[in-house]
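Pasting final15.txt here (compact mmCIF, C-alpha atoms):
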```txt
# COMPACT_ATOMS: atom_id res chain seq x y z
CA MET A 1 0.00 0.00 0.00
CA SER A 2 1.38 3.40 -0.97
CA GLY A 3 -1.10 5.74 0.74
CA PRO A 4 -0.27 8.31 3.44
CA SER A 5 1.27 6.90 6.62
CA VAL A 6 -0.58 7.57 9.89
CA LEU A 7 0.41 7.07 13.51
CA TYR A 8 -2.71 6.61 15.68
CA ILE A 9 -2.12 6.99 19.44
CA ASP A 10 -4.95 5.73 21.71
CA ASP A 11 -4.95 3.63 24.89
CA ASP A 12 -8.24 1.91 23.92
CA ALA A 13 -7.28 -1.35 22.18
CA GLY A 14 -10.69 -1.70 20.54
CA ILE A 15 -10.59 1.81 19.07
CA ARG A 16 -7.06 1.20 17.84
CA ARG A 17 -8.12 -1.94 15.97
CA LEU A 18 -11.20 -0.27 14.50
CA ALA A 19 -9.23 2.83 13.49
CA ALA A 20 -6.54 0.72 11.83
CA ARG A 21 -9.07 -1.30 9.81
CA ALA A 22 -11.32 1.64 8.89
CA LEU A 23 -8.51 3.92 7.79
CA GLU A 24 -6.64 1.17 5.92
CA ARG A 25 -9.83 0.63 3.90
CA ARG A 26 -9.65 4.33 3.07
CA GLY A 27 -6.13 3.98 1.73
CA TYR A 28 -3.96 4.88 4.73
CA ARG A 29 -0.95 2.94 6.02
CA MET A 30 -1.56 2.61 9.75
CA THR A 31 0.75 2.34 12.74
CA VAL A 32 -0.75 2.35 16.24
CA ALA A 33 0.60 3.17 19.69
CA GLU A 34 -0.97 2.32 23.05
CA THR A 35 0.44 5.24 25.09
CA GLY A 36 1.68 8.74 24.53
CA ALA A 37 5.22 7.73 25.44
CA GLU A 38 5.16 4.84 22.93
CA GLY A 39 3.78 7.17 20.28
CA VAL A 40 6.56 9.70 20.84
CA VAL A 41 9.18 6.95 20.52
CA LYS A 42 7.66 5.72 17.24
CA ALA A 43 7.35 9.26 15.88
CA ALA A 44 11.01 9.87 16.68
CA ALA A 45 12.06 6.67 14.91
CA GLU A 46 9.91 6.92 11.77
CA ARG A 47 8.62 9.72 9.59
CA PHE A 48 4.78 9.74 9.32
CA ASP A 49 2.56 11.85 7.07
CA LEU A 50 -0.03 12.37 9.85
CA ILE A 51 -0.45 11.70 13.56
CA ALA A 52 -3.72 11.33 15.48
CA VAL A 53 -3.65 11.69 19.28
CA ASP A 54 -6.46 10.79 21.70
CA HIS A 55 -6.90 13.06 24.70
CA TYR A 56 -7.66 10.65 27.55
CA MET A 57 -4.71 8.32 28.13
CA PRO A 58 -3.15 7.15 31.40
CA GLY A 59 0.22 8.50 32.44
CA MET A 60 0.78 10.89 29.55
CA ASP A 61 -2.43 12.51 28.31
CA GLY A 62 -3.04 13.87 24.84
CA LEU A 63 -1.89 17.44 25.52
CA GLU A 64 1.36 16.21 27.08
CA THR A 65 1.86 13.86 24.15
CA LEU A 66 1.17 16.69 21.71
CA GLU A 67 3.76 18.87 23.45
CA ALA A 68 6.36 16.07 23.30
CA LEU A 69 5.64 15.41 19.62
CA ARG A 70 5.98 19.10 18.79
CA ARG A 71 9.47 19.08 20.27
CA LEU A 72 10.62 16.45 17.79
CA PRO A 73 12.27 17.81 14.63
CA ASP A 74 10.28 18.07 11.39
CA GLN A 75 7.03 16.62 12.69
CA PRO A 76 3.93 16.14 10.47
CA PRO A 77 0.50 17.68 11.14
CA ILE A 78 -1.24 16.35 14.26
CA VAL A 79 -5.01 15.81 14.54
CA TYR A 80 -6.34 15.82 18.08
CA VAL A 81 -9.18 13.48 19.14
CA THR A 82 -11.52 14.68 21.93
CA GLY A 83 -14.84 13.80 23.53
CA SER A 84 -18.13 15.33 22.45
CA GLU A 85 -18.38 17.92 25.26
CA GLU A 86 -14.77 19.02 25.37
CA GLY A 87 -14.53 22.22 23.34
CA ARG A 88 -12.16 23.73 25.88
CA ILE A 89 -9.72 20.85 25.41
CA ALA A 90 -9.97 21.12 21.63
CA VAL A 91 -9.11 24.84 21.80
CA ALA A 92 -6.17 24.08 24.10
CA ALA A 93 -4.91 21.48 21.62
CA LEU A 94 -5.15 23.91 18.69
CA LYS A 95 -3.26 26.54 20.68
CA ALA A 96 -0.61 23.93 21.50
CA GLY A 97 -0.01 23.26 17.82
CA ALA A 98 -2.55 20.70 16.65
CA ALA A 99 -3.56 21.18 13.02
CA ASP A 100 -7.18 20.13 13.60
CA TYR A 101 -9.41 18.22 16.00
CA VAL A 102 -12.12 15.59 15.63
CA VAL A 103 -14.81 14.66 18.15
CA LYS A 104 -14.75 10.91 18.90
CA THR A 105 -18.09 9.15 18.40
CA VAL A 106 -19.28 5.56 18.04
CA GLY A 107 -19.55 4.17 14.51
CA GLU A 108 -18.20 4.78 11.04
CA ASP A 109 -19.05 8.49 11.12
CA PHE A 110 -16.06 9.09 13.40
CA PHE A 111 -13.66 7.48 10.93
CA ASP A 112 -15.23 9.38 8.02
CA LEU A 113 -14.68 12.63 9.93
CA LEU A 114 -11.15 11.59 10.86
CA ALA A 115 -10.30 10.74 7.24
CA ALA A 116 -11.80 14.04 6.05
CA SER A 117 -9.74 15.91 8.62
CA PHE A 118 -6.62 14.08 7.46
CA GLU A 119 -7.22 15.13 3.86
CA GLN A 120 -7.84 18.77 4.78
CA VAL A 121 -4.80 18.89 7.03
CA ARG A 122 -2.58 17.26 4.40
CA ALA A 123 -3.80 19.65 1.70
CA ARG A 124 -3.14 22.62 3.96
CA SER A 125 0.29 21.23 4.84
CA VAL A 126 1.17 20.83 1.16
CA LEU A 127 0.14 24.42 0.47
CA GLU A 128 2.23 25.66 3.40
CA GLN A 129 5.23 23.68 2.18
CA GLN A 130 4.79 25.02 -1.34
CA LYS A 131 4.50 28.54 0.04
CA ALA A 132 7.65 28.10 2.14
CA SER A 133 9.48 26.66 -0.87
CA ALA A 134 8.34 29.53 -3.10
CA GLU A 135 9.43 32.08 -0.48
CA ALA A 136 12.81 30.37 -0.17
CA ASP A 137 13.21 30.40 -3.97
CA LEU A 138 12.23 34.08 -4.03
CA ARG A 139 14.75 34.92 -1.32
CA ALA A 140 17.45 33.04 -3.23
CA SER A 141 16.49 34.82 -6.45
CA ASN A 142 16.58 38.21 -4.71
CA ALA A 143 19.99 37.39 -3.26
CA ARG A 144 21.30 36.50 -6.73
CA LEU A 145 19.84 39.70 -8.20
CA GLU A 146 21.33 41.82 -5.41
CA ALA A 147 24.71 40.18 -5.94
CA LEU A 148 24.45 40.83 -9.70
CA LEU A 149 23.40 44.45 -9.14
CA GLY A 150 26.26 44.89 -6.68
CA GLU A 151 28.67 43.60 -9.31
CA VAL A 152 27.17 45.97 -11.90
CA ASN A 153 27.64 48.92 -9.53
CA HIS A 154 31.21 47.80 -8.89
CA ARG A 155 31.97 47.72 -12.60
CA VAL A 156 30.24 51.06 -13.20
CA ALA A 157 32.23 52.68 -10.38
CA ASN A 158 35.48 51.27 -11.75
CA SER A 159 34.64 52.40 -15.28
CA LEU A 160 33.78 55.92 -14.09
CA GLN A 161 37.01 55.99 -12.10
CA LEU A 162 38.90 55.12 -15.28
CA VAL A 163 37.09 57.84 -17.24
CA SER A 164 37.87 60.32 -14.47
CA ALA A 165 41.56 59.41 -14.60
CA MET A 166 41.59 59.86 -18.39
CA VAL A 167 39.95 63.29 -18.07
CA ARG A 168 42.50 64.28 -15.41
CA LEU A 169 45.38 63.23 -17.67
CA GLN A 170 43.89 65.21 -20.54
CA ALA A 171 43.48 68.26 -18.30
CA THR A 172 47.13 68.18 -17.22
CA ALA A 173 48.21 68.06 -20.86
CA LEU A 174 46.38 71.30 -21.73
CA THR A 175 47.97 74.73 -21.63
CA ASP A 176 44.73 76.71 -21.96
CA PRO A 177 43.58 77.54 -18.38
CA SER A 178 39.91 77.73 -19.35
CA ALA A 179 39.99 74.37 -21.12
CA ARG A 180 41.86 72.80 -18.20
CA GLU A 181 39.36 74.20 -15.71
CA ALA A 182 36.43 72.87 -17.76
CA LEU A 183 37.93 69.37 -17.79
CA GLU A 184 38.62 69.52 -14.05
CA ASP A 185 34.97 70.44 -13.48
CA THR A 186 33.96 67.47 -15.64
CA GLN A 187 36.21 65.20 -13.59
CA ARG A 188 34.50 66.31 -10.36
CA ARG A 189 31.08 65.61 -11.86
CA ILE A 190 32.17 62.12 -12.86
CA GLN A 191 33.55 61.52 -9.36
CA ALA A 192 30.23 62.58 -7.81
CA ILE A 193 28.42 59.91 -9.84
CA ALA A 194 31.11 57.28 -9.27
CA GLN A 195 30.86 57.85 -5.52
CA VAL A 196 27.18 56.81 -5.63
CA HIS A 197 27.97 53.49 -7.29
CA ARG A 198 30.87 52.94 -4.90
CA ARG A 199 28.44 53.33 -1.99
CA LEU A 200 25.98 50.93 -3.60
CA TYR A 201 28.38 48.03 -4.05
CA THR A 202 29.96 48.42 -0.59
CA SER A 203 26.63 48.45 1.30
CA ASN A 204 23.95 45.85 1.96
CA ASP A 205 21.34 47.95 0.15
CA VAL A 206 21.85 48.04 -3.62
CA GLU A 207 18.82 50.21 -4.37
CA SER A 208 19.32 53.25 -2.15
CA VAL A 209 22.16 55.39 -0.80
CA ASP A 210 22.84 56.63 2.73
CA MET A 211 23.20 60.34 2.01
CA GLN A 212 25.02 61.06 5.26
CA GLU A 213 27.85 58.72 4.24
CA TYR A 214 27.74 59.66 0.57
CA LEU A 215 27.83 63.43 1.11
CA GLY A 216 30.52 62.96 3.74
CA ALA A 217 32.80 61.26 1.21
CA LEU A 218 31.85 63.75 -1.51
CA VAL A 219 32.55 66.81 0.65
CA ASP A 220 35.89 65.30 1.72
CA GLU A 221 36.88 64.87 -1.93
CA LEU A 222 35.84 68.44 -2.76
CA ALA A 223 37.79 69.75 0.25
CA GLU A 224 40.94 67.99 -0.98
CA THR A 225 40.44 69.59 -4.39
CA TRP A 226 39.70 73.15 -3.35
CA SER A 227 41.48 73.78 -0.05
CA THR A 228 45.13 74.87 -0.43
CA ASP A 229 47.61 76.65 1.79
CA ALA A 230 47.23 79.76 -0.31
CA LEU A 231 43.42 79.64 -0.46
CA PRO A 232 42.09 77.50 2.41
CA ARG A 233 38.49 76.37 2.14
CA ALA A 234 36.78 74.96 5.22
CA LEU A 235 34.05 72.61 3.98
CA SER A 236 31.63 71.34 6.62
CA LEU A 237 28.73 68.92 6.47
CA ALA A 238 25.73 68.48 8.77
CA ALA A 239 23.63 65.66 7.33
CA GLU A 240 20.96 63.38 8.72
CA PRO A 241 21.08 59.66 7.73
CA ILE A 242 18.51 59.91 4.93
CA ARG A 243 18.35 57.14 2.32
CA LEU A 244 17.53 58.11 -1.26
CA PRO A 245 16.98 55.92 -4.34
CA THR A 246 20.00 55.70 -6.61
CA ASP A 247 18.77 58.11 -9.31
CA ARG A 248 17.82 60.78 -6.75
CA ALA A 249 21.14 60.37 -4.95
CA VAL A 250 23.02 60.95 -8.23
CA SER A 251 21.04 64.11 -8.95
CA LEU A 252 21.59 65.47 -5.46
CA GLY A 253 25.30 64.62 -5.58
CA VAL A 254 25.76 66.53 -8.84
CA ILE A 255 23.89 69.53 -7.40
CA VAL A 256 26.07 69.56 -4.25
CA THR A 257 29.21 69.27 -6.38
CA GLU A 258 28.19 72.23 -8.56
CA LEU A 259 27.10 74.45 -5.65
CA VAL A 260 30.20 73.73 -3.57
CA THR A 261 32.43 74.23 -6.62
CA ASN A 262 30.82 77.60 -7.33
CA ALA A 263 31.28 78.68 -3.71
CA CYS A 264 34.92 77.59 -3.67
CA LYS A 265 35.61 79.36 -6.96
CA TYR A 266 33.82 82.65 -6.44
CA ALA A 267 32.76 83.28 -2.82
CA TYR A 268 36.15 84.24 -1.40
CA PRO A 269 38.26 85.86 -4.15
CA SER A 270 40.73 87.43 -1.73
CA GLY A 271 41.32 84.63 0.78
CA GLY A 272 40.02 81.62 2.67
CA GLY A 273 36.47 80.99 3.84
CA GLU A 274 33.91 78.43 4.89
CA VAL A 275 31.37 76.53 2.80
CA ARG A 276 28.63 74.67 4.66
CA VAL A 277 26.48 71.80 3.39
CA ALA A 278 23.41 70.65 5.33
CA LEU A 279 20.83 67.96 4.69
CA ARG A 280 17.85 67.30 6.96
CA ARG A 281 14.31 66.00 6.91
CA ILE A 282 11.48 68.49 7.00
CA ASP A 283 8.98 65.66 7.51
CA ASP A 284 8.73 61.96 6.66
CA ASP A 285 8.55 62.58 2.92
CA ILE A 286 10.50 65.80 2.29
CA PHE A 287 14.16 66.71 2.79
CA LEU A 288 15.95 70.08 2.66
CA LEU A 289 19.40 70.61 1.18
CA ALA A 290 21.29 73.84 1.88
CA VAL A 291 24.69 74.94 0.60
CA GLU A 292 25.89 78.30 1.89
CA ASP A 293 28.92 80.54 2.27
CA ASP A 294 29.67 83.90 3.84
CA GLY A 295 31.47 85.33 0.85
CA CYS A 296 30.92 88.18 -1.56
CA GLY A 297 27.50 87.06 -2.73
CA ILE A 298 26.02 87.35 -6.21
CA PRO A 299 25.64 90.92 -7.51
CA GLU A 300 22.22 91.62 -8.98
CA ASP A 301 23.64 92.64 -12.36
CA ALA A 302 26.30 89.91 -12.44
CA THR A 303 26.79 87.98 -15.66
CA PRO A 304 27.32 84.22 -15.44
CA ARG A 305 30.94 83.28 -14.91
CA GLY A 306 32.59 80.30 -16.57
CA THR A 307 30.84 78.31 -19.28
CA GLY A 308 27.43 78.36 -17.59
CA LEU A 309 27.28 74.54 -17.80
CA GLY A 310 27.20 74.23 -14.00
CA THR A 311 24.07 76.39 -13.79
CA LYS A 312 22.40 74.29 -16.49
CA LEU A 313 23.33 71.08 -14.68
CA ILE A 314 21.93 72.35 -11.37
CA LYS A 315 18.65 73.25 -13.07
CA ALA A 316 18.45 69.92 -14.93
CA MET A 317 19.23 67.83 -11.83
CA ALA A 318 16.70 69.80 -9.77
CA GLN A 319 14.06 69.19 -12.44
CA SER A 320 14.78 65.44 -12.22
CA LEU A 321 13.91 65.75 -8.51
CA GLN A 322 10.71 67.67 -9.41
CA THR A 323 11.95 70.80 -7.65
CA ILE A 324 14.08 73.95 -8.07
CA VAL A 325 17.10 75.45 -6.36
CA GLU A 326 16.26 78.71 -4.58
CA TYR A 327 18.63 81.45 -3.40
CA ASP A 328 18.06 83.37 -0.16
CA PRO A 329 18.44 87.10 -0.89
CA ALA A 330 18.63 87.95 2.82
CA HIS A 331 21.67 85.76 3.45
CA THR A 332 25.15 87.32 3.64
CA GLY A 333 27.03 85.54 0.88
CA VAL A 334 25.14 82.85 -1.02
CA ARG A 335 22.64 80.36 0.43
CA ALA A 336 21.13 77.88 -2.03
CA THR A 337 18.34 75.58 -0.86
CA LEU A 338 16.40 72.75 -2.39
CA ARG A 339 13.33 70.93 -1.07
CA ALA A 340 12.42 67.57 -2.59
CA ALA A 341 10.64 64.32 -1.90
CA VAL A 342 12.58 61.40 -0.50
CA ARG A 343 11.05 59.15 -3.17
```

In structure tokens, write the structure found in this file.
Amino acid sequence: MSGPSVLYIDDDAGIRRLAARALERRGYRMTVAETGAEGVVKAAAERFDLIAVDHYMPGMDGLETLEALRRLPDQPPIVYVTGSEEGRIAVAALKAGAADYVVKTVGEDFFDLLAASFEQVRARSVLEQQKASAEADLRASNARLEALLGEVNHRVANSLQLVSAMVRLQATALTDPSAREALEDTQRRIQAIAQVHRRLYTSNDVESVDMQEYLGALVDELAETWSTDALPRALSLAAEPIRLPTDRAVSLGVIVTELVTNACKYAYPSGGGEVRVALRRIDDDIFLLAVEDDGCGIPEDATPRGTGLGTKLIKAMAQSLQTIVEYDPAHTGVRATLRAAVR
């Protein structure tokens, strides 16, 4: 016989014989146990598809047997058998881990109910196993995708680093100061984007960037570029640990690079000065970026300096964040702010 295997635990010898015969006729392979202790030993020695446990047994009652069975590794569903007026016991059994319960009665109806319970419990168990297997497969698939995305970010970061090095070499070979400066600006923009991908492949989250860490590294790089003994630039950062999706992090990084670069170039023409970058939440969905200096400010009739590409980039990146960069006219120096959604 190749049907489901059942362990039936009941101290009543007559019920055991009847249960074995009735359920074997219904296609089950039956093993019986006289006591809870014997049933636990058999369940530990052999894998069954189902177990039925009677409540009233000497020495070790059904609830104690159920508890002992549940402690065994990888146990099958357990159907609890109770008397007709014992709803409280049935509830206790379900809370203790039984998959179902059946009220014991005299006659074939009891075995029909028991067989029906077995089929329902087995079907539910199969669905739960399939669900667990599907969830495990999904977790494995997600892990593979995250590993692949991490590798992609690694390669992108390395490629951008290579491009940045090539641009730097080209800049050093030029004699035209304006052309050299334009290439150096391009290099900084590339580095801002590369820094995002570097953060992505070195973190556990491959879909978003910790802006506190990212801006910290970006501001450090800009400080190394712009602060010299002759013209010291004190760059400071006050950022909350806000996570942004990759595309939004790139846009914000480019904006910070352009604003800090402008401040370092133009705010303090006659000496050193401070440039401050701040990022904080306004509420759960909105953040505020501010880049400010205490320098000479922007004259009302001033014409754009440089190529004007930085201004265009700031505007384009802000538009990608569905916002604009605003300038505070009351601030001494320049204070640029941007409000945007986290997602």

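Distance check against Ala234 in chain A using all atoms listed in the file: of A:Glu292, A:Leu113, A:Ser208, A:Thr175, the minimum falls on A:Glu292.
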
Report as CSV: every residue of range 190-309 of chain A with an atom at most 7 Å from range 140-158 of chain A, its closest pair of atoms, and their distance in Å to one decimal, counting all atoms listed in the file, with rows sorted by chain and ascending residue number.
```
residue,atom,partner,partner_atom,distance
A:Ala194,CA,A:Ala157,CA,4.9
A:His197,CA,A:Asn153,CA,5.1
A:Arg198,CA,A:Ala157,CA,5.7
A:Leu200,CA,A:Asn153,CA,6.5
A:Tyr201,CA,A:Gly150,CA,4.6
A:Val206,CA,A:Gly150,CA,6.2
```

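From CA of Asp10 in chain A back to CA of Lys42 in chain A, the distance works out to 13.4 Å.
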
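Within 12 Å of Val103 in chain A, once only C-alpha atoms are used and residues closer than 4 positions along the same chain are dropped, the contacting residues are A:Ala52, A:Val53, A:Asp54, A:His55, A:Val79, A:Tyr80, A:Val81, A:Thr82, A:Gly83, A:Ser84, A:Glu85, A:Glu86, A:Gly87, A:Ile89, A:Ala90, A:Asp109, A:Phe110, A:Phe111, A:Asp112, A:Leu113, A:Leu114, A:Ser117.
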
All residues 10 Å or closer to Glu221 in chain A, all atoms listed in the file, same chain fewer than 4 positions away omitted, as a PDB file with C-alpha atoms, in the coordinates of the input:
```pdb
ATOM      1  CA  ARG A 188      34.500  66.310 -10.360  1.00  0.00           C
ATOM      2  CA  GLN A 191      33.550  61.520  -9.360  1.00  0.00           C
ATOM      3  CA  ALA A 192      30.230  62.580  -7.810  1.00  0.00           C
ATOM      4  CA  GLN A 195      30.860  57.850  -5.520  1.00  0.00           C
ATOM      5  CA  LEU A 215      27.830  63.430   1.110  1.00  0.00           C
ATOM      6  CA  GLY A 216      30.520  62.960   3.740  1.00  0.00           C
ATOM      7  CA  ALA A 217      32.800  61.260   1.210  1.00  0.00           C
ATOM      8  CA  THR A 225      40.440  69.590  -4.390  1.00  0.00           C
ATOM      9  CA  TRP A 226      39.700  73.150  -3.350  1.00  0.00           C
ATOM     10  CA  THR A 257      29.210  69.270  -6.380  1.00  0.00           C
TER      11      THR A 257
END
```

Spatial neighbours of Ala182 in chain A, max dist 12 Å, all atoms listed in the file, sep filter under 5 positions, as a ChimeraX atom specification: /A:167-168,170-172,174,176-177,187-189,261,306-310

Of the listed residues A:Val342, A:Ile190, A:Ala93, A:Ile314, that which approaches Glu67 in chain A most closely, counting only C-alpha atoms: A:Ala93

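Take CA of Asp285 in chain A and CA of Val250 in chain A: the distance between them is 18.3 Å.
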
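Using only C-alpha atoms, the smallest distance between any of A:Ala33, A:Ile193, A:Val126, A:Ile255 and Met317 in chain A comes from A:Ile255.
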
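Considering only C-alpha atoms, the residue among A:Leu94, A:Ala249, A:Ala179, A:Met166 positioned nearest to Arg343 in chain A is A:Ala249.
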
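The shortest atom-to-atom distance to Gln129 in chain A, with only C-alpha atoms taken into account, belongs to A:Pro77 out of A:Arg281, A:Phe48, A:Ser178, A:Pro77.
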
Using the incomplete input, complete range 191-209 of chain A to the level of N, CA and C atoms; output as a compact mmCIF listing (two decimals), keeping the file's coordinate frame.
```
# COMPACT_ATOMS: atom_id res chain seq x y z
N GLN A 191 33.26 62.07 -10.68
CA GLN A 191 33.55 61.52 -9.36
C GLN A 191 32.31 61.51 -8.48
N ALA A 192 31.47 62.53 -8.61
CA ALA A 192 30.23 62.58 -7.81
C ALA A 192 29.32 61.39 -8.15
N ILE A 193 29.25 61.05 -9.42
CA ILE A 193 28.42 59.91 -9.84
C ILE A 193 29.08 58.59 -9.44
N ALA A 194 30.40 58.51 -9.63
CA ALA A 194 31.11 57.28 -9.27
C ALA A 194 30.98 56.98 -7.78
N GLN A 195 30.96 58.04 -6.96
CA GLN A 195 30.86 57.85 -5.52
C GLN A 195 29.54 57.17 -5.14
N VAL A 196 28.46 57.48 -5.88
CA VAL A 196 27.18 56.81 -5.63
C VAL A 196 27.30 55.32 -5.84
N HIS A 197 27.85 54.91 -6.99
CA HIS A 197 27.97 53.49 -7.29
C HIS A 197 28.94 52.79 -6.35
N ARG A 198 29.95 53.52 -5.89
CA ARG A 198 30.87 52.94 -4.90
C ARG A 198 30.12 52.64 -3.61
N ARG A 199 29.24 53.55 -3.20
CA ARG A 199 28.44 53.33 -1.99
C ARG A 199 27.49 52.15 -2.17
N LEU A 200 26.95 51.99 -3.37
CA LEU A 200 25.98 50.93 -3.60
C LEU A 200 26.62 49.55 -3.51
N TYR A 201 27.80 49.37 -4.07
CA TYR A 201 28.38 48.03 -4.05
C TYR A 201 29.10 47.71 -2.75
N THR A 202 29.32 48.70 -1.88
CA THR A 202 29.96 48.42 -0.59
C THR A 202 28.95 48.38 0.55
N SER A 203 27.64 48.50 0.25
CA SER A 203 26.63 48.45 1.30
C SER A 203 25.72 47.25 1.08
N ASN A 204 24.88 46.97 2.07
CA ASN A 204 23.95 45.85 1.96
C ASN A 204 22.72 46.20 1.14
N ASP A 205 22.50 47.48 0.90
CA ASP A 205 21.34 47.95 0.15
C ASP A 205 21.81 48.42 -1.22
N VAL A 206 21.38 47.70 -2.27
CA VAL A 206 21.85 48.04 -3.62
C VAL A 206 20.88 48.94 -4.36
N GLU A 207 19.81 49.39 -3.70
CA GLU A 207 18.82 50.21 -4.37
C GLU A 207 18.74 51.64 -3.84
N SER A 208 19.37 51.90 -2.71
CA SER A 208 19.32 53.25 -2.15
C SER A 208 20.67 53.59 -1.51
N VAL A 209 20.86 54.88 -1.27
CA VAL A 209 22.16 55.39 -0.80
C VAL A 209 21.96 56.14 0.51
```
